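Let me begin by presenting the structure, written as structure tokens, before commenting on it.
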Amino acid sequence: MIKRITLIAAAAVALMLLPGCGGSDKQEAASVQSFDEIVAARRSIRDYKEGTTITTAQVRDLIATALEAPSWANSQTTRYYVAMDPEKVAAVKELVGAGNARNTANAPVMIVSTFVKDQSGFGRGNQANEIGNGWGAYDNGLSNAFFILKAREQGFDTLIMGMRDSDGLRKIFNIPDTEEVMAVISLGYRASDPNRPARKPIDDIVKFF
């Protein structure tokens, strides 16, 4: 009888350890965010926690998601230059303007996004339409959107900056002339939770036919 009770107890413990049966698994499932929740929680953060770190593996994970973004003829022309060394990070912050430097003072990672010119939006060396390299910028924006949303899912925060010294950034990272320097993205953990800016009503931006 004792042996039978022991076997039943052991079986119950084993069931609890199976995926989906344990209490911890329920808690983990409950903490999973939907896409809409991730989008709603994302902010352009201008106040980062001091003394935080982010690993190379974590950044690589974000960039792997950015690679899933669609691009013209799957050309995948977006490139990332990641500053993680404190001296390199400080050098980038000197090239984004005084306001952005203050906003990103405690961000541990600074990333420069570029795109390879004359590929996205081109066919056999010729522009496919009047947009030209604007398609490279478009694809870069899509990649960056995937990047920042994945960052939010992983608990990180970002700020996309268009004010930057592109020539200075080229020197720091040896960015070739074949690439167009686009945004600088800070990566870190928010120190405060800013309000969500109002969005325009849908009917202001769409026309259905």
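Scheme for the structure tokens: letters A, B, ... for chains in order shown; per-chain residue numbers from 1; ligand numbers from 1 in order shown.
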
- request: Using only C-alpha atoms, determine which residues lie at most 6 Å from range 64-69 of chain A, disregarding the query and same-chain residues fewer than 4 positions distant; provide the list as a list of chain:residue names.
  value: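 Once the adjacent positions are removed, what remains is A:Ser143, A:Phe146, A:Phe147.
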
query: If we count only C-alpha atoms, what is near Gly136 in chain A at a cut-off of 7 Å, once residues fewer than 6 positions away on the same chain are taken out, given as an MDAnalysis selection string?
result: chainID A and resid 77 115 117 120:121

Since we have the selection now, will you write its residues out, keeping N, CA and C atoms, as a PDB file, in the first residue's frame?
```
ATOM      1  N   THR A  77      19.303  45.191 -47.584  1.00  0.00           N
ATOM      2  CA  THR A  77      20.408  46.150 -47.659  1.00  0.00           C
ATOM      3  C   THR A  77      20.711  46.866 -46.348  1.00  0.00           C
ATOM      4  N   PHE A 115      21.977  51.742 -45.030  1.00  0.00           N
ATOM      5  CA  PHE A 115      21.567  50.812 -46.073  1.00  0.00           C
ATOM      6  C   PHE A 115      22.521  50.943 -47.255  1.00  0.00           C
ATOM      7  N   LYS A 117      23.450  51.467 -50.877  1.00  0.00           N
ATOM      8  CA  LYS A 117      22.792  52.237 -51.936  1.00  0.00           C
ATOM      9  C   LYS A 117      22.726  51.476 -53.263  1.00  0.00           C
ATOM     10  N   SER A 120      18.230  48.346 -53.343  1.00  0.00           N
ATOM     11  CA  SER A 120      16.791  48.352 -53.120  1.00  0.00           C
ATOM     12  C   SER A 120      16.164  49.444 -53.983  1.00  0.00           C
ATOM     13  N   GLY A 121      15.193  49.061 -54.811  1.00  0.00           N
ATOM     14  CA  GLY A 121      14.584  50.022 -55.724  1.00  0.00           C
ATOM     15  C   GLY A 121      15.251  50.069 -57.083  1.00  0.00           C
TER      16      GLY A 121
END
```

message: Residues near Val89 in chain A, anyone? I mean within 9 Å using only C-alpha atoms, not counting same-chain ones fewer than 6 positions away, as a list of chain:residue names.
response: A:Val82, A:Ala83, A:Ala107, A:Pro108, A:Val109, A:Met110, A:Ile111

field: Polymer residues at most 12 Å from Ile160 in chain A, only C-alpha atoms, same-chain spacing of 6 or more positions, as a VMD selection string
entry: chain A and resid 43 to 46 96 100 103 to 104 110 to 113 141 144 to 145 147 to 148 182 to 187

Create the file for the chosen residues now, containing N, CA and C atoms and written as a PDB file, in the first residue's frame.
```pdb
ATOM      1  N   ARG A  43       7.815  53.045 -26.314  1.00  0.00           N
ATOM      2  CA  ARG A  43       7.936  54.496 -26.249  1.00  0.00           C
ATOM      3  C   ARG A  43       9.290  54.907 -26.810  1.00  0.00           C
ATOM      4  N   SER A  44       9.393  56.152 -27.233  1.00  0.00           N
ATOM      5  CA  SER A  44      10.700  56.727 -27.540  1.00  0.00           C
ATOM      6  C   SER A  44      11.263  57.223 -26.212  1.00  0.00           C
ATOM      7  N   ILE A  45      12.250  56.486 -25.695  1.00  0.00           N
ATOM      8  CA  ILE A  45      12.723  56.727 -24.328  1.00  0.00           C
ATOM      9  C   ILE A  45      13.884  57.719 -24.312  1.00  0.00           C
ATOM     10  N   ARG A  46      13.745  58.725 -23.470  1.00  0.00           N
ATOM     11  CA  ARG A  46      14.763  59.775 -23.333  1.00  0.00           C
ATOM     12  C   ARG A  46      15.296  59.861 -21.906  1.00  0.00           C
ATOM     13  N   VAL A  96      25.360  62.999 -31.905  1.00  0.00           N
ATOM     14  CA  VAL A  96      23.908  62.987 -32.101  1.00  0.00           C
ATOM     15  C   VAL A  96      23.252  64.276 -31.615  1.00  0.00           C
ATOM     16  N   ASN A 100      20.068  64.988 -27.797  1.00  0.00           N
ATOM     17  CA  ASN A 100      20.054  63.529 -27.833  1.00  0.00           C
ATOM     18  C   ASN A 100      21.121  62.930 -26.920  1.00  0.00           C
ATOM     19  N   ASN A 103      19.579  62.896 -23.611  1.00  0.00           N
ATOM     20  CA  ASN A 103      18.499  61.906 -23.557  1.00  0.00           C
ATOM     21  C   ASN A 103      19.016  60.481 -23.432  1.00  0.00           C
ATOM     22  N   THR A 104      20.187  60.224 -24.001  1.00  0.00           N
ATOM     23  CA  THR A 104      20.727  58.858 -24.034  1.00  0.00           C
ATOM     24  C   THR A 104      21.932  58.687 -23.098  1.00  0.00           C
ATOM     25  N   MET A 110      24.687  51.995 -28.375  1.00  0.00           N
ATOM     26  CA  MET A 110      24.286  52.924 -29.433  1.00  0.00           C
ATOM     27  C   MET A 110      24.504  52.224 -30.774  1.00  0.00           C
ATOM     28  N   ILE A 111      23.511  52.300 -31.635  1.00  0.00           N
ATOM     29  CA  ILE A 111      23.537  51.559 -32.896  1.00  0.00           C
ATOM     30  C   ILE A 111      23.297  52.501 -34.068  1.00  0.00           C
ATOM     31  N   VAL A 112      24.131  52.385 -35.083  1.00  0.00           N
ATOM     32  CA  VAL A 112      23.956  53.163 -36.309  1.00  0.00           C
ATOM     33  C   VAL A 112      23.386  52.235 -37.371  1.00  0.00           C
ATOM     34  N   SER A 113      22.287  52.665 -37.992  1.00  0.00           N
ATOM     35  CA  SER A 113      21.710  51.863 -39.076  1.00  0.00           C
ATOM     36  C   SER A 113      21.984  52.546 -40.409  1.00  0.00           C
ATOM     37  N   GLY A 141      13.810  51.482 -42.622  1.00  0.00           N
ATOM     38  CA  GLY A 141      12.807  51.791 -41.602  1.00  0.00           C
ATOM     39  C   GLY A 141      12.030  50.570 -41.164  1.00  0.00           C
ATOM     40  N   ASN A 144      14.271  48.608 -38.872  1.00  0.00           N
ATOM     41  CA  ASN A 144      14.371  49.263 -37.571  1.00  0.00           C
ATOM     42  C   ASN A 144      13.090  49.092 -36.755  1.00  0.00           C
ATOM     43  N   ALA A 145      11.936  49.073 -37.433  1.00  0.00           N
ATOM     44  CA  ALA A 145      10.668  48.856 -36.741  1.00  0.00           C
ATOM     45  C   ALA A 145      10.634  47.468 -36.104  1.00  0.00           C
ATOM     46  N   PHE A 147      13.222  45.799 -35.251  1.00  0.00           N
ATOM     47  CA  PHE A 147      14.245  45.829 -34.201  1.00  0.00           C
ATOM     48  C   PHE A 147      13.685  46.407 -32.903  1.00  0.00           C
ATOM     49  N   ILE A 148      13.050  47.572 -32.997  1.00  0.00           N
ATOM     50  CA  ILE A 148      12.611  48.242 -31.756  1.00  0.00           C
ATOM     51  C   ILE A 148      11.431  47.519 -31.109  1.00  0.00           C
ATOM     52  N   MET A 182      21.682  56.283 -41.921  1.00  0.00           N
ATOM     53  CA  MET A 182      20.311  56.666 -41.587  1.00  0.00           C
ATOM     54  C   MET A 182      20.232  57.052 -40.100  1.00  0.00           C
ATOM     55  N   ALA A 183      19.561  56.273 -39.307  1.00  0.00           N
ATOM     56  CA  ALA A 183      19.298  56.648 -37.916  1.00  0.00           C
ATOM     57  C   ALA A 183      20.351  56.103 -36.959  1.00  0.00           C
ATOM     58  N   VAL A 184      20.416  56.738 -35.797  1.00  0.00           N
ATOM     59  CA  VAL A 184      21.143  56.199 -34.646  1.00  0.00           C
ATOM     60  C   VAL A 184      20.082  55.757 -33.646  1.00  0.00           C
ATOM     61  N   ILE A 185      20.240  54.562 -33.108  1.00  0.00           N
ATOM     62  CA  ILE A 185      19.261  54.005 -32.174  1.00  0.00           C
ATOM     63  C   ILE A 185      19.939  53.727 -30.842  1.00  0.00           C
ATOM     64  N   SER A 186      19.420  54.319 -29.775  1.00  0.00           N
ATOM     65  CA  SER A 186      19.916  53.990 -28.437  1.00  0.00           C
ATOM     66  C   SER A 186      19.170  52.771 -27.925  1.00  0.00           C
ATOM     67  N   LEU A 187      19.847  51.983 -27.091  1.00  0.00           N
ATOM     68  CA  LEU A 187      19.263  50.759 -26.549  1.00  0.00           C
ATOM     69  C   LEU A 187      19.598  50.680 -25.070  1.00  0.00           C
TER      70      LEU A 187
END
```

task: Work out how far CA of Leu95 in chain A is from CA of Gly188 in chain A, in Å to one decimal.
output: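 Separation of CA of Gly188 in chain A and CA of Leu95 in chain A: 18.3 Å.
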